[in-house]
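Below you'll find the structure, written out as structure tokens, and then a few comments.
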Amino acid sequence: MSKDYDGLSEAELYKLFYDIIRDIPAGKVASYGQIALLADRPRDGRYVGHALHAVTDPSIPWQRVVMASGEIAARSNPGERERQQKLLKQEGVEFIADFQVDMQRCGWQKMPPDLFG
DNA sequence: GTTTTGACATTGA
DNA sequence: GTCAATGCCAAAA
């Protein structure tokens, strides 16, 4: 173990992020802080971003991960950002702006209180 | 080996 | 309400 994250190895931490992202249902989006929080790593949103950039697994719906403001994360390739918005739209995610997701409606939450009641 | 940048979040003014 | 500064950790130069 070269590095230890509070007892977790880097692979474990990355896997944890991937696992959480994989749990995001289609048509909904989660923010970096949300994932970082679920991974027991608050304020480590930047770390989540790196985990997504390092990801090469097509099974990881990184497109459903947006910033806390609901805006799509700006990548090095602006074209990819546009494609991401299109993908999210195809999944049913509502956009209040060209690169702004409606977190109020598509904000992913583990358990919507008044959605099944 | 050090330095800089990077798919962000949070707090303060 | 928006704008600015700080903190976090890692990968790349």
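Starting from 1 in every chain, residues are counted up; chains themselves are A, B, ... following the order of the structure tokens, and ligands are numbered from 1 as listed.
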
Task: Distance-based interface of chain C with chain A, 10 Å, counting only C-alpha atoms (C1' of nucleotides), as an MDAnalysis selection string - done: chainID C and resid 7:11

Task: DSSP helix (DSSP H, G or I) residues within segment 42-92 of chain A, listed as JSON, numbers by chain - done: {"A": [45, 46, 47, 48, 49, 50, 51, 52, 53, 54, 62, 63, 64, 78, 79, 80, 81, 82, 83, 84, 85, 86, 87, 88, 89, 90, 91]}

Cut-off 12 Å: closest chain A/chain B atom pairs per residue, using only C-alpha atoms (C1' of nucleotides), as a tab-separated table:
residue	atom	partner	partner_atom	distance
A:Ser31	CA	B:DC8	C1'	9.4
A:Tyr32	CA	B:DC8	C1'	6.9
A:Gly33	CA	B:DA9	C1'	6.4
A:Gln34	CA	B:DA9	C1'	10.0
A:Ile35	CA	B:DC8	C1'	11.5
A:Ala36	CA	B:DA9	C1'	9.7
A:Leu37	CA	B:DA9	C1'	10.6
A:Arg41	CA	B:DA9	C1'	11.2
A:Pro42	CA	B:DA9	C1'	8.3
A:Arg43	CA	B:DA9	C1'	5.2
A:Asp44	CA	B:DA9	C1'	7.2
A:Gly45	CA	B:DC8	C1'	4.8
A:Arg46	CA	B:DC8	C1'	4.5
A:Tyr47	CA	B:DC8	C1'	8.0
A:Val48	CA	B:DA7	C1'	8.2
A:Gly49	CA	B:DA7	C1'	4.6
A:His50	CA	B:DA7	C1'	6.8
A:Ala51	CA	B:DA7	C1'	8.7
A:Leu52	CA	B:DA7	C1'	6.6
A:His53	CA	B:DA7	C1'	6.2
A:Ala54	CA	B:DA7	C1'	9.8
A:Val55	CA	B:DA7	C1'	10.9
A:Trp62	CA	B:DA7	C1'	8.8
A:Gln63	CA	B:DA7	C1'	9.6
A:Arg64	CA	B:DA7	C1'	11.4
A:Val65	CA	B:DA7	C1'	8.7
A:Val66	CA	B:DA7	C1'	8.5
A:Met67	CA	B:DC8	C1'	7.1
A:Ala68	CA	B:DA9	C1'	7.8
A:Ser69	CA	B:DA9	C1'	10.4
A:Glu71	CA	B:DC8	C1'	11.5
A:Ile72	CA	B:DA7	C1'	8.8
A:Ala73	CA	B:DA7	C1'	5.5
A:Ala74	CA	B:DA7	C1'	6.4
A:Arg75	CA	B:DA7	C1'	5.6
A:Ser76	CA	B:DA7	C1'	8.5
A:Asn77	CA	B:DA7	C1'	10.4
A:Pro78	CA	B:DA7	C1'	11.5
A:Glu80	CA	B:DA7	C1'	10.9
A:Arg81	CA	B:DA7	C1'	9.8
A:Gln84	CA	B:DA7	C1'	11.7

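Using only C-alpha atoms, the shortest contact distance between Arg105 of chain A and any of A:Ala11, A:Ala30, A:Leu87, A:Leu38 is found at A:Ala30.
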
Open item on the list: As an exercise, work out the distance from atom CA of Val101 of chain A to atom CA of Lys86 of chain A in Å and give it to one decimal place.
Closed with: 11.6 Å

Open item on the list: Please identify the strand (DSSP E or B) residues within chain A (assignment by DSSP from backbone atoms) and present them as a list in words.
Closed with: Tyr5, Leu8, Val29, Ala30, Ser31, Val65, Val66, Glu71, Phe95, Ile96, Ala97, Gln100, Val101 and Gly107 of chain A

Open item on the list: Just the number, please: distance in Å from atom CA of Thr56 of chain A to atom CA of Tyr18 of chain A, one decimal.
Closed with: 10.8 Å
